[in-house]
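See below for the structure under consideration.
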Amino acid sequence: MLPFLLASLTSFGPFFGLVTNGSNFIFMKMVQQEQPIYELSDEYTLKRSHDLYTVLRILKRLSQLFIQEN
């Protein structure tokens with residue numbers, strides 16, 4: 001995921017990514033600066049029922065950011 005985000009850095013602003021195996025989810029945020037900075041979220045798993053709602057809430061927020069930008 002990190003190489004893909006680095007290759008996508010053509011403008012300023014945060015870039016977001018998601019790594020999943022279908023039951024575990026990790027979100028990534030990258031900000032372009034002189035040296036790109038990235039952060040990883042906690043790992044969410046569907047084995048914990050409350051994590052499903054957290055993942056859905058994050059995806060909903062990311063979709064809202066995408067819609068606002070376009």
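Residue numbers start at 1 in each chain; chains themselves are named A, B, ... in the order of the structure tokens; ligands are numbered from 1 in the order shown.
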
Pick out each residue of range 3-70 of chain A that DSSP on the backbone tags as alpha helix (DSSP H); I need them as a PyMOL selection string. chain A and resi 3-7+49-69

From a backbone DSSP assignment, name each residue in chain A labelled strand (DSSP E or B), as number ranges by chain. A: 14-20, 24-31, 37-40, 44-45

So that I have them on file, write out the residues from the current selection with C-alpha atoms, as a PDB file, in the first residue's frame.
```
ATOM      1  CA  PRO A  14      -4.049  13.884   2.427  1.00  0.00           C
ATOM      2  CA  PHE A  15      -4.285  10.539   0.649  1.00  0.00           C
ATOM      3  CA  PHE A  16      -6.054   7.587   2.204  1.00  0.00           C
ATOM      4  CA  GLY A  17      -5.642   3.852   1.781  1.00  0.00           C
ATOM      5  CA  LEU A  18      -7.131   0.648   3.134  1.00  0.00           C
ATOM      6  CA  VAL A  19      -5.473  -2.729   3.570  1.00  0.00           C
ATOM      7  CA  THR A  20      -7.751  -5.682   4.252  1.00  0.00           C
ATOM      8  CA  ASN A  24      -9.033  -7.387   9.264  1.00  0.00           C
ATOM      9  CA  PHE A  25      -8.759  -3.725   8.255  1.00  0.00           C
ATOM     10  CA  ILE A  26      -5.987  -1.133   8.563  1.00  0.00           C
ATOM     11  CA  PHE A  27      -6.417   2.414   7.273  1.00  0.00           C
ATOM     12  CA  MET A  28      -3.530   4.595   6.146  1.00  0.00           C
ATOM     13  CA  LYS A  29      -3.272   8.359   5.777  1.00  0.00           C
ATOM     14  CA  MET A  30      -0.406  10.020   3.929  1.00  0.00           C
ATOM     15  CA  VAL A  31       0.391  13.718   3.673  1.00  0.00           C
ATOM     16  CA  ILE A  37       4.427  11.454   6.385  1.00  0.00           C
ATOM     17  CA  TYR A  38       2.082   8.540   6.920  1.00  0.00           C
ATOM     18  CA  GLU A  39       0.042   7.168   9.791  1.00  0.00           C
ATOM     19  CA  LEU A  40      -1.568   3.786  10.298  1.00  0.00           C
ATOM     20  CA  TYR A  44      -9.914  -3.555  13.202  1.00  0.00           C
ATOM     21  CA  THR A  45     -11.275  -7.087  12.987  1.00  0.00           C
TER      22      THR A  45
END
```

CA of His50 in chain A to CA of Phe66 in chain A measures 24.9 Å

Judged by only C-alpha atoms, the minimum distance to Val55 in chain A among A:Gly13, A:Ile67, A:Ser41, A:Gln33 is found for A:Ser41
